[in-house]
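Peer 1: Coordinates in work07.csv, CSV, N, CA, C and O atoms, are listed below.
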chain,number,residue,atom,x,y,z
K,1,MET,N,-24.8,20.7,-12.7
K,1,MET,CA,-23.9,21.6,-12.0
K,1,MET,C,-24.8,22.8,-11.6
K,1,MET,O,-25.8,23.1,-12.2
K,2,GLN,N,-24.3,23.5,-10.5
K,2,GLN,CA,-25.1,24.6,-10.0
K,2,GLN,C,-24.4,25.9,-10.5
K,2,GLN,O,-23.2,26.1,-10.4
K,3,ILE,N,-25.3,26.8,-11.0
K,3,ILE,CA,-24.9,28.1,-11.4
K,3,ILE,C,-25.7,29.2,-10.7
K,3,ILE,O,-26.9,29.1,-10.6
K,4,LYS,N,-25.0,30.2,-10.1
K,4,LYS,CA,-25.7,31.3,-9.5
K,4,LYS,C,-26.0,32.4,-10.5
K,4,LYS,O,-25.1,32.8,-11.2
K,5,VAL,N,-27.2,32.8,-10.6
K,5,VAL,CA,-27.6,33.9,-11.5
K,5,VAL,C,-28.1,35.1,-10.8
K,5,VAL,O,-29.0,35.0,-9.9
K,6,ARG,N,-27.5,36.2,-11.1
K,6,ARG,CA,-28.0,37.5,-10.5
K,6,ARG,C,-28.5,38.4,-11.6
K,6,ARG,O,-27.9,38.6,-12.6
K,7,LEU,N,-29.7,38.8,-11.3
K,7,LEU,CA,-30.4,39.7,-12.3
K,7,LEU,C,-30.5,41.1,-11.7
K,7,LEU,O,-30.7,41.3,-10.5
K,8,PHE,N,-30.5,42.1,-12.6
K,8,PHE,CA,-30.5,43.5,-12.1
K,8,PHE,C,-31.6,44.3,-12.8
K,8,PHE,O,-32.0,44.0,-13.9
K,9,ALA,N,-32.0,45.3,-12.1
K,9,ALA,CA,-33.0,46.3,-12.6
K,9,ALA,C,-34.3,45.6,-13.1
K,9,ALA,O,-34.8,44.8,-12.4
K,10,THR,N,-34.7,45.9,-14.3
K,10,THR,CA,-36.0,45.4,-14.8
K,10,THR,C,-36.0,43.9,-15.1
K,10,THR,O,-37.0,43.3,-15.2
K,11,LEU,N,-34.8,43.3,-15.2
K,11,LEU,CA,-34.8,41.9,-15.4
K,11,LEU,C,-35.2,41.1,-14.1
K,11,LEU,O,-35.6,39.9,-14.3
K,12,ARG,N,-35.3,41.7,-13.0
K,12,ARG,CA,-35.8,41.1,-11.8
K,12,ARG,C,-37.3,40.9,-11.7
K,12,ARG,O,-37.8,40.1,-11.0
K,13,GLN,N,-38.0,41.7,-12.5
K,13,GLN,CA,-39.4,41.7,-12.5
K,13,GLN,C,-39.9,40.3,-12.9
K,13,GLN,O,-39.6,39.7,-13.9
K,14,ASP,N,-40.7,39.7,-12.0
K,14,ASP,CA,-41.3,38.3,-12.1
K,14,ASP,C,-40.2,37.2,-12.1
K,14,ASP,O,-40.6,36.1,-12.4
K,15,ARG,N,-39.0,37.5,-11.8
K,15,ARG,CA,-37.9,36.5,-11.8
K,15,ARG,C,-37.1,36.5,-10.5
K,15,ARG,O,-36.6,35.4,-10.2
K,16,GLY,N,-37.1,37.6,-9.8
K,16,GLY,CA,-36.3,37.6,-8.6
K,16,GLY,C,-34.9,38.2,-8.8
K,16,GLY,O,-34.5,38.5,-9.9
K,17,LYS,N,-34.2,38.4,-7.7
K,17,LYS,CA,-32.9,39.0,-7.7
K,17,LYS,C,-31.8,38.1,-7.9
K,17,LYS,O,-30.8,38.3,-8.7
K,18,GLU,N,-31.9,36.9,-7.3
K,18,GLU,CA,-30.8,35.9,-7.4
K,18,GLU,C,-31.3,34.5,-7.3
K,18,GLU,O,-32.3,34.3,-6.5
K,19,MET,N,-30.7,33.6,-8.0
K,19,MET,CA,-31.2,32.2,-8.0
K,19,MET,C,-30.0,31.3,-8.2
K,19,MET,O,-29.0,31.7,-8.8
K,20,ILE,N,-30.2,30.1,-7.8
K,20,ILE,CA,-29.2,29.0,-8.1
K,20,ILE,C,-29.9,28.0,-9.0
K,20,ILE,O,-31.0,27.5,-8.6
K,21,LEU,N,-29.4,27.8,-10.2
K,21,LEU,CA,-30.0,26.9,-11.1
K,21,LEU,C,-29.1,25.6,-11.3
K,21,LEU,O,-27.9,25.7,-11.3
K,22,ASP,N,-29.8,24.5,-11.3
K,22,ASP,CA,-29.1,23.2,-11.6
K,22,ASP,C,-29.1,23.1,-13.1
K,22,ASP,O,-30.2,22.9,-13.7
K,23,MET,N,-28.0,23.1,-13.7
K,23,MET,CA,-27.9,23.1,-15.2
K,23,MET,C,-27.0,21.9,-15.6
K,23,MET,O,-26.1,21.5,-14.9
K,24,PRO,N,-27.3,21.4,-16.8
K,24,PRO,CA,-26.4,20.3,-17.4
K,24,PRO,C,-25.0,20.8,-17.7
K,24,PRO,O,-24.8,22.0,-17.9
K,25,ALA,N,-24.1,19.9,-17.9
K,25,ALA,CA,-22.7,20.2,-18.3
K,25,ALA,C,-22.8,20.9,-19.6
K,25,ALA,O,-23.8,20.7,-20.4
K,26,GLU,N,-21.8,21.7,-19.9
K,26,GLU,CA,-21.7,22.5,-21.2
K,26,GLU,C,-22.9,23.5,-21.4
K,26,GLU,O,-23.3,23.7,-22.5
K,27,THR,N,-23.3,24.1,-20.3
K,27,THR,CA,-24.3,25.1,-20.3
K,27,THR,C,-23.6,26.4,-20.6
K,27,THR,O,-22.5,26.7,-20.1
K,28,SER,N,-24.3,27.3,-21.4
K,28,SER,CA,-23.8,28.6,-21.6
K,28,SER,C,-24.7,29.7,-21.1
K,28,SER,O,-25.9,29.4,-20.8
K,29,PRO,N,-24.3,30.9,-20.9
K,29,PRO,CA,-25.2,32.0,-20.5
K,29,PRO,C,-26.4,32.1,-21.4
K,29,PRO,O,-27.5,32.4,-21.0
K,30,GLN,N,-26.2,31.8,-22.7
K,30,GLN,CA,-27.4,31.9,-23.6
K,30,GLN,C,-28.4,30.9,-23.2
K,30,GLN,O,-29.6,31.2,-23.3
K,31,HIS,N,-28.0,29.7,-22.8
K,31,HIS,CA,-29.0,28.7,-22.3
K,31,HIS,C,-29.8,29.2,-21.1
K,31,HIS,O,-31.0,29.0,-21.0
K,32,ILE,N,-29.1,29.9,-20.2
K,32,ILE,CA,-29.8,30.4,-19.0
K,32,ILE,C,-30.7,31.6,-19.4
K,32,ILE,O,-31.8,31.6,-18.9
K,33,ILE,N,-30.3,32.4,-20.3
K,33,ILE,CA,-31.1,33.6,-20.8
K,33,ILE,C,-32.4,33.0,-21.4
K,33,ILE,O,-33.5,33.5,-21.2
K,34,ASP,N,-32.2,32.0,-22.3
K,34,ASP,CA,-33.4,31.3,-22.9
K,34,ASP,C,-34.3,30.7,-21.9
K,34,ASP,O,-35.5,30.9,-21.9
K,35,LEU,N,-33.7,30.0,-20.9
K,35,LEU,CA,-34.5,29.4,-19.8
K,35,LEU,C,-35.3,30.4,-19.1
K,35,LEU,O,-36.5,30.2,-18.7
K,36,LEU,N,-34.8,31.6,-18.8
K,36,LEU,CA,-35.4,32.6,-18.0
K,36,LEU,C,-36.3,33.5,-18.9
K,36,LEU,O,-36.9,34.5,-18.5
K,37,LYS,N,-36.4,33.2,-20.2
K,37,LYS,CA,-37.2,33.9,-21.2
K,37,LYS,C,-36.9,35.4,-21.2
K,37,LYS,O,-37.8,36.3,-21.2
K,38,ILE,N,-35.6,35.7,-21.2
K,38,ILE,CA,-35.1,37.1,-21.3
K,38,ILE,C,-34.8,37.3,-22.8
K,38,ILE,O,-33.9,36.6,-23.4
K,39,PRO,N,-35.4,38.3,-23.4
K,39,PRO,CA,-35.1,38.6,-24.8
K,39,PRO,C,-33.6,39.1,-24.9
K,39,PRO,O,-33.1,39.8,-24.1
K,40,LYS,N,-33.0,38.6,-26.0
K,40,LYS,CA,-31.5,38.9,-26.2
K,40,LYS,C,-31.3,40.4,-26.2
K,40,LYS,O,-30.3,40.9,-25.6
K,41,GLU,N,-32.2,41.2,-26.7
K,41,GLU,CA,-32.0,42.6,-26.7
K,41,GLU,C,-32.1,43.3,-25.4
K,41,GLU,O,-31.7,44.4,-25.2
K,42,ASP,N,-32.6,42.5,-24.4
K,42,ASP,CA,-32.6,43.1,-23.0
K,42,ASP,C,-31.4,42.8,-22.2
K,42,ASP,O,-31.3,43.1,-21.0
K,43,VAL,N,-30.4,42.2,-22.8
K,43,VAL,CA,-29.1,41.9,-22.2
K,43,VAL,C,-28.1,42.9,-22.7
K,43,VAL,O,-27.6,42.7,-23.8
K,44,ALA,N,-27.7,43.8,-21.8
K,44,ALA,CA,-26.7,44.8,-22.2
K,44,ALA,C,-25.3,44.5,-21.7
K,44,ALA,O,-24.3,44.7,-22.4
K,45,ILE,N,-25.3,43.9,-20.5
K,45,ILE,CA,-24.0,43.6,-19.9
K,45,ILE,C,-24.1,42.2,-19.3
K,45,ILE,O,-25.1,41.8,-18.6
K,46,LEU,N,-23.1,41.3,-19.6
K,46,LEU,CA,-23.1,40.0,-19.1
K,46,LEU,C,-21.8,39.8,-18.4
K,46,LEU,O,-20.7,39.9,-19.0
K,47,LEU,N,-21.8,39.4,-17.1
K,47,LEU,CA,-20.6,39.1,-16.4
K,47,LEU,C,-20.6,37.7,-15.9
K,47,LEU,O,-21.6,37.2,-15.5
K,48,ILE,N,-19.4,37.1,-16.0
K,48,ILE,CA,-19.2,35.7,-15.5
K,48,ILE,C,-18.1,35.8,-14.5
K,48,ILE,O,-17.0,36.2,-14.8
K,49,ASN,N,-18.5,35.6,-13.2
K,49,ASN,CA,-17.6,35.7,-12.1
K,49,ASN,C,-16.9,37.1,-12.1
K,49,ASN,O,-15.7,37.2,-11.8
K,50,GLY,N,-17.8,38.1,-12.3
K,50,GLY,CA,-17.3,39.5,-12.2
K,50,GLY,C,-16.5,40.0,-13.4
K,50,GLY,O,-16.1,41.2,-13.4
K,51,ARG,N,-16.4,39.2,-14.5
K,51,ARG,CA,-15.6,39.7,-15.6
K,51,ARG,C,-16.5,39.6,-16.9
K,51,ARG,O,-17.5,38.8,-16.9
K,52,ASP,N,-16.2,40.4,-17.9
K,52,ASP,CA,-17.0,40.4,-19.1
K,52,ASP,C,-17.1,39.0,-19.6
K,52,ASP,O,-16.1,38.3,-19.7
K,53,GLY,N,-18.3,38.7,-20.0
K,53,GLY,CA,-18.6,37.3,-20.5
K,53,GLY,C,-19.2,37.3,-21.9
K,53,GLY,O,-19.8,38.4,-22.3
K,54,GLU,N,-19.2,36.2,-22.6
K,54,GLU,CA,-19.8,36.0,-23.9
K,54,GLU,C,-21.0,35.1,-23.7
K,54,GLU,O,-21.0,34.2,-22.9
K,55,LEU,N,-22.0,35.2,-24.6
K,55,LEU,CA,-23.2,34.4,-24.5
K,55,LEU,C,-22.9,32.9,-24.8
K,55,LEU,O,-23.6,32.0,-24.3
K,56,ASP,N,-21.8,32.6,-25.5
K,56,ASP,CA,-21.5,31.2,-25.9
K,56,ASP,C,-20.4,30.5,-25.0
K,56,ASP,O,-20.0,29.4,-25.3
K,57,THR,N,-20.0,31.2,-23.9
K,57,THR,CA,-19.0,30.6,-23.1
K,57,THR,C,-19.5,29.4,-22.3
K,57,THR,O,-20.7,29.4,-21.8
K,58,ASN,N,-18.7,28.3,-22.3
K,58,ASN,CA,-19.1,27.2,-21.5
K,58,ASN,C,-18.9,27.5,-20.0
K,58,ASN,O,-17.8,27.9,-19.6
K,59,LEU,N,-19.9,27.3,-19.2
K,59,LEU,CA,-19.9,27.6,-17.8
K,59,LEU,C,-19.3,26.4,-17.0
K,59,LEU,O,-19.4,25.2,-17.4
K,60,ASN,N,-18.8,26.7,-15.8
K,60,ASN,CA,-18.3,25.7,-14.9
K,60,ASN,C,-19.1,25.7,-13.6
K,60,ASN,O,-19.8,26.7,-13.3
K,61,GLU,N,-19.0,24.6,-12.9
K,61,GLU,CA,-19.7,24.5,-11.5
K,61,GLU,C,-19.4,25.7,-10.7
K,61,GLU,O,-18.2,26.2,-10.7
K,62,SER,N,-20.4,26.3,-10.0
K,62,SER,CA,-20.3,27.4,-9.1
K,62,SER,C,-20.0,28.7,-9.8
K,62,SER,O,-19.7,29.7,-9.1
K,63,ASP,N,-20.0,28.8,-11.1
K,63,ASP,CA,-19.9,30.1,-11.8
K,63,ASP,C,-21.0,31.0,-11.3
K,63,ASP,O,-22.1,30.6,-11.0
K,64,VAL,N,-20.8,32.4,-11.3
K,64,VAL,CA,-21.8,33.4,-11.0
K,64,VAL,C,-22.0,34.2,-12.3
K,64,VAL,O,-21.1,34.8,-12.8
K,65,ILE,N,-23.2,34.2,-12.7
K,65,ILE,CA,-23.6,35.0,-13.9
K,65,ILE,C,-24.4,36.2,-13.5
K,65,ILE,O,-25.4,36.1,-12.7
K,66,SER,N,-24.0,37.4,-13.9
K,66,SER,CA,-24.7,38.6,-13.6
K,66,SER,C,-25.2,39.2,-14.9
K,66,SER,O,-24.4,39.4,-15.9
K,67,ILE,N,-26.5,39.5,-15.0
K,67,ILE,CA,-27.1,40.0,-16.3
K,67,ILE,C,-27.7,41.4,-16.0
K,67,ILE,O,-28.6,41.5,-15.1
K,68,PHE,N,-27.3,42.4,-16.8
K,68,PHE,CA,-27.8,43.7,-16.7
K,68,PHE,C,-28.6,44.1,-17.9
K,68,PHE,O,-28.1,43.9,-19.0
K,69,PRO,N,-29.7,44.8,-17.8
K,69,PRO,CA,-30.4,45.4,-19.0
K,69,PRO,C,-29.8,46.7,-19.4
K,69,PRO,O,-29.0,47.3,-18.7
K,70,PRO,N,-30.2,47.2,-20.6
K,70,PRO,CA,-29.7,48.5,-21.0
K,70,PRO,C,-30.3,49.5,-20.0
K,70,PRO,O,-31.4,49.4,-19.4
K,71,VAL,N,-29.5,50.6,-19.7
K,71,VAL,CA,-29.9,51.6,-18.7
K,71,VAL,C,-30.0,52.9,-19.5
K,71,VAL,O,-29.1,53.3,-20.2
K,72,GLY,N,-31.1,53.6,-19.2
K,72,GLY,CA,-31.3,54.9,-19.8
K,72,GLY,C,-31.4,56.0,-18.7
K,72,GLY,O,-31.4,55.7,-17.5
K,73,GLY,N,-31.4,57.2,-19.1
K,73,GLY,CA,-31.5,58.3,-18.2
K,73,GLY,C,-30.6,59.4,-18.5
K,73,GLY,O,-29.9,59.3,-19.5
K,74,GLY,N,-30.5,60.3,-17.6
K,74,GLY,CA,-29.6,61.4,-17.8
K,74,GLY,C,-30.1,62.6,-17.3
K,74,GLY,O,-29.9,63.6,-17.1
For the file at hand, write its structure as structure tokens.

Peer 2:
Amino acid sequence: MQIKVRLFATLRQDRGKEMILDMPAETSPQHIIDLLKIPKEDVAILLINGRDGELDTNLNESDVISIFPPVGGG
């Protein structure tokens, strides 16, 4: 199945902004994060189709995953 992955801020470094991945059935966001070699502590916000998501959610064909790192500043 195809999953669209959108990365933000520092997560784009060496990975790009957006990609479409062919993944097996019963894939979760955790599988994608592992595949992209993103450390778990670098994931502050995870959205699935624009809504709060969990790392262990089973994804469906054409889902859109957005991954945001922690943001600092002030």

Peer 1: Give me the residues within 6 Å of Met1 in chain K as a PyMOL selection string, counting all atoms listed in the file and dropping any in the same chain fewer than 4 places off.

Peer 2: chain K and resi 21-25+61-62

Peer 1: So that I can check the surroundings of Val64 in chain K, please list as a list of chain:residue names every protein, DNA and RNA residue that reaches within 5 Å of it, counting only N, CA, C and O atoms and ignoring chain neighbours fewer than 3 positions away.

Peer 2: K:Lys4, K:Leu47, K:Ile48, K:Asn49, K:Gly50

Peer 1: Would you please work out which residue, of K:Leu59, K:Leu11, K:Ile67, K:Ile3, is nearest to Ile45 in chain K when using all atoms listed in the file?

Peer 2: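 Selected residue with least distance to Ile45 in chain K: K:Ile67.
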
Peer 1: Within 6 Å of (-23.1, 28.9, -17.6) (coordinates as in the file), grab all the protein and nucleic acid residues, counting all atoms listed in the file, and write them out as a list in words.

Peer 2: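 Output: Thr27, Ser28, Pro29, Thr57, Asn58, Leu59 and Asn60 of chain K.
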
Peer 1: Considering only strand (DSSP E or B) as DSSP defines it on the backbone, what residues of chain K qualify? List them as JSON, numbers by chain.

Peer 2: {"K": [2, 3, 4, 5, 6, 7, 18, 19, 20, 21, 22, 45, 46, 47, 48, 51, 52, 64, 65, 66, 67, 68]}

Peer 1: Give me the residues near Ala44 in chain K as JSON, numbers by chain, where near means some atom within 6 Å (using all atoms listed in the file) and where sequence neighbours in that chain fewer than 6 positions away do not count.

Peer 2: {"K": [68, 69, 70]}

Peer 1: Report the distance between atom C of Ile38 in chain K and atom N of Arg12 in chain K in Å, rounded to one decimal place.

Peer 2: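 Taking atom C of Ile38 in chain K and atom N of Arg12 in chain K, their separation equals 10.8 Å.
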
Peer 1: If I take atom O of Glu26 in chain K and CA of Ile65 in chain K, how far is one from the other in Å, to one decimal?

Peer 2: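 Separating atom O of Glu26 in chain K from CA of Ile65 in chain K is a distance of 14.2 Å.
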
Peer 1: May I ask which of the residues K:Asp52, K:Gly72, K:Ser66, K:Leu35 is the closest one to Leu7 in chain K, counting only N, CA, C and O atoms?

Peer 2: K:Ser66

Peer 1: Would you work out the distance separating CA of Asp56 in chain K from CA of Gln13 in chain K, expressed in Å to one decimal?

Peer 2: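 Straight-line distance from CA of Asp56 in chain K to CA of Gln13 in chain K works out to 24.7 Å.
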
Peer 1: Add whatever atoms are absent from range 53-64 of chain K to reach all heavy atoms, and provide the output as an mmCIF file, in the frame of the given file.

Peer 2:
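Full text of part_9.cif as output:
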data_model
loop_
_atom_site.group_PDB
_atom_site.id
_atom_site.type_symbol
_atom_site.label_atom_id
_atom_site.label_comp_id
_atom_site.auth_asym_id
_atom_site.auth_seq_id
_atom_site.Cartn_x
_atom_site.Cartn_y
_atom_site.Cartn_z
ATOM 1 N N GLY K 53 -18.300 38.700 -20.000
ATOM 2 C CA GLY K 53 -18.600 37.300 -20.500
ATOM 3 C C GLY K 53 -19.200 37.300 -21.900
ATOM 4 O O GLY K 53 -19.800 38.400 -22.300
ATOM 5 N N GLU K 54 -19.200 36.200 -22.600
ATOM 6 C CA GLU K 54 -19.800 36.000 -23.900
ATOM 7 C C GLU K 54 -21.000 35.100 -23.700
ATOM 8 O O GLU K 54 -21.000 34.200 -22.900
ATOM 9 C CB GLU K 54 -18.815 35.482 -24.870
ATOM 10 C CG GLU K 54 -17.620 36.380 -25.101
ATOM 11 C CD GLU K 54 -17.975 37.668 -25.819
ATOM 12 O OE1 GLU K 54 -18.926 37.653 -26.633
ATOM 13 O OE2 GLU K 54 -17.306 38.678 -25.564
ATOM 14 N N LEU K 55 -22.000 35.200 -24.600
ATOM 15 C CA LEU K 55 -23.200 34.400 -24.500
ATOM 16 C C LEU K 55 -22.900 32.900 -24.800
ATOM 17 O O LEU K 55 -23.600 32.000 -24.300
ATOM 18 C CB LEU K 55 -24.232 34.842 -25.504
ATOM 19 C CG LEU K 55 -24.892 36.177 -25.176
ATOM 20 C CD1 LEU K 55 -25.783 36.614 -26.328
ATOM 21 C CD2 LEU K 55 -25.685 36.081 -23.887
ATOM 22 N N ASP K 56 -21.800 32.600 -25.500
ATOM 23 C CA ASP K 56 -21.500 31.200 -25.900
ATOM 24 C C ASP K 56 -20.400 30.500 -25.000
ATOM 25 O O ASP K 56 -20.000 29.400 -25.300
ATOM 26 C CB ASP K 56 -21.195 31.101 -27.357
ATOM 27 C CG ASP K 56 -19.966 31.921 -27.731
ATOM 28 O OD1 ASP K 56 -19.476 32.701 -26.884
ATOM 29 O OD2 ASP K 56 -19.496 31.780 -28.876
ATOM 30 N N THR K 57 -20.000 31.200 -23.900
ATOM 31 C CA THR K 57 -19.000 30.600 -23.100
ATOM 32 C C THR K 57 -19.500 29.400 -22.300
ATOM 33 O O THR K 57 -20.700 29.400 -21.800
ATOM 34 C CB THR K 57 -18.582 31.685 -22.016
ATOM 35 O OG1 THR K 57 -18.083 32.827 -22.692
ATOM 36 C CG2 THR K 57 -17.518 31.150 -21.081
ATOM 37 N N ASN K 58 -18.700 28.300 -22.300
ATOM 38 C CA ASN K 58 -19.100 27.200 -21.500
ATOM 39 C C ASN K 58 -18.900 27.500 -20.000
ATOM 40 O O ASN K 58 -17.800 27.900 -19.600
ATOM 41 C CB ASN K 58 -18.323 25.922 -21.853
ATOM 42 C CG ASN K 58 -18.838 25.284 -23.119
ATOM 43 O OD1 ASN K 58 -20.015 25.372 -23.444
ATOM 44 N ND2 ASN K 58 -17.954 24.633 -23.847
ATOM 45 N N LEU K 59 -19.900 27.300 -19.200
ATOM 46 C CA LEU K 59 -19.900 27.600 -17.800
ATOM 47 C C LEU K 59 -19.300 26.400 -17.000
ATOM 48 O O LEU K 59 -19.400 25.200 -17.400
ATOM 49 C CB LEU K 59 -21.257 27.979 -17.278
ATOM 50 C CG LEU K 59 -21.851 29.199 -17.972
ATOM 51 C CD1 LEU K 59 -23.289 29.408 -17.525
ATOM 52 C CD2 LEU K 59 -21.014 30.441 -17.686
ATOM 53 N N ASN K 60 -18.800 26.700 -15.800
ATOM 54 C CA ASN K 60 -18.300 25.700 -14.900
ATOM 55 C C ASN K 60 -19.100 25.700 -13.600
ATOM 56 O O ASN K 60 -19.800 26.700 -13.300
ATOM 57 C CB ASN K 60 -16.853 25.959 -14.573
ATOM 58 C CG ASN K 60 -15.991 25.914 -15.806
ATOM 59 O OD1 ASN K 60 -15.968 24.917 -16.513
ATOM 60 N ND2 ASN K 60 -15.296 27.001 -16.078
ATOM 61 N N GLU K 61 -19.000 24.600 -12.900
ATOM 62 C CA GLU K 61 -19.700 24.500 -11.500
ATOM 63 C C GLU K 61 -19.400 25.700 -10.700
ATOM 64 O O GLU K 61 -18.200 26.200 -10.700
ATOM 65 C CB GLU K 61 -19.174 23.224 -10.839
ATOM 66 C CG GLU K 61 -19.689 23.043 -9.441
ATOM 67 C CD GLU K 61 -21.135 22.566 -9.378
ATOM 68 O OE1 GLU K 61 -21.600 21.903 -10.328
ATOM 69 O OE2 GLU K 61 -21.800 22.856 -8.385
ATOM 70 N N SER K 62 -20.400 26.300 -10.000
ATOM 71 C CA SER K 62 -20.300 27.400 -9.100
ATOM 72 C C SER K 62 -20.000 28.700 -9.800
ATOM 73 O O SER K 62 -19.700 29.700 -9.100
ATOM 74 C CB SER K 62 -19.224 27.133 -8.034
ATOM 75 O OG SER K 62 -19.571 25.970 -7.309
ATOM 76 N N ASP K 63 -20.000 28.800 -11.100
ATOM 77 C CA ASP K 63 -19.900 30.100 -11.800
ATOM 78 C C ASP K 63 -21.000 31.000 -11.300
ATOM 79 O O ASP K 63 -22.100 30.600 -11.000
ATOM 80 C CB ASP K 63 -19.908 30.020 -13.276
ATOM 81 C CG ASP K 63 -18.556 29.639 -13.858
ATOM 82 O OD1 ASP K 63 -17.554 29.659 -13.110
ATOM 83 O OD2 ASP K 63 -18.506 29.322 -15.059
ATOM 84 N N VAL K 64 -20.800 32.400 -11.300
ATOM 85 C CA VAL K 64 -21.800 33.400 -11.000
ATOM 86 C C VAL K 64 -22.000 34.200 -12.300
ATOM 87 O O VAL K 64 -21.100 34.800 -12.800
ATOM 88 C CB VAL K 64 -21.336 34.257 -9.836
ATOM 89 C CG1 VAL K 64 -22.375 35.325 -9.553
ATOM 90 C CG2 VAL K 64 -21.073 33.410 -8.596
#
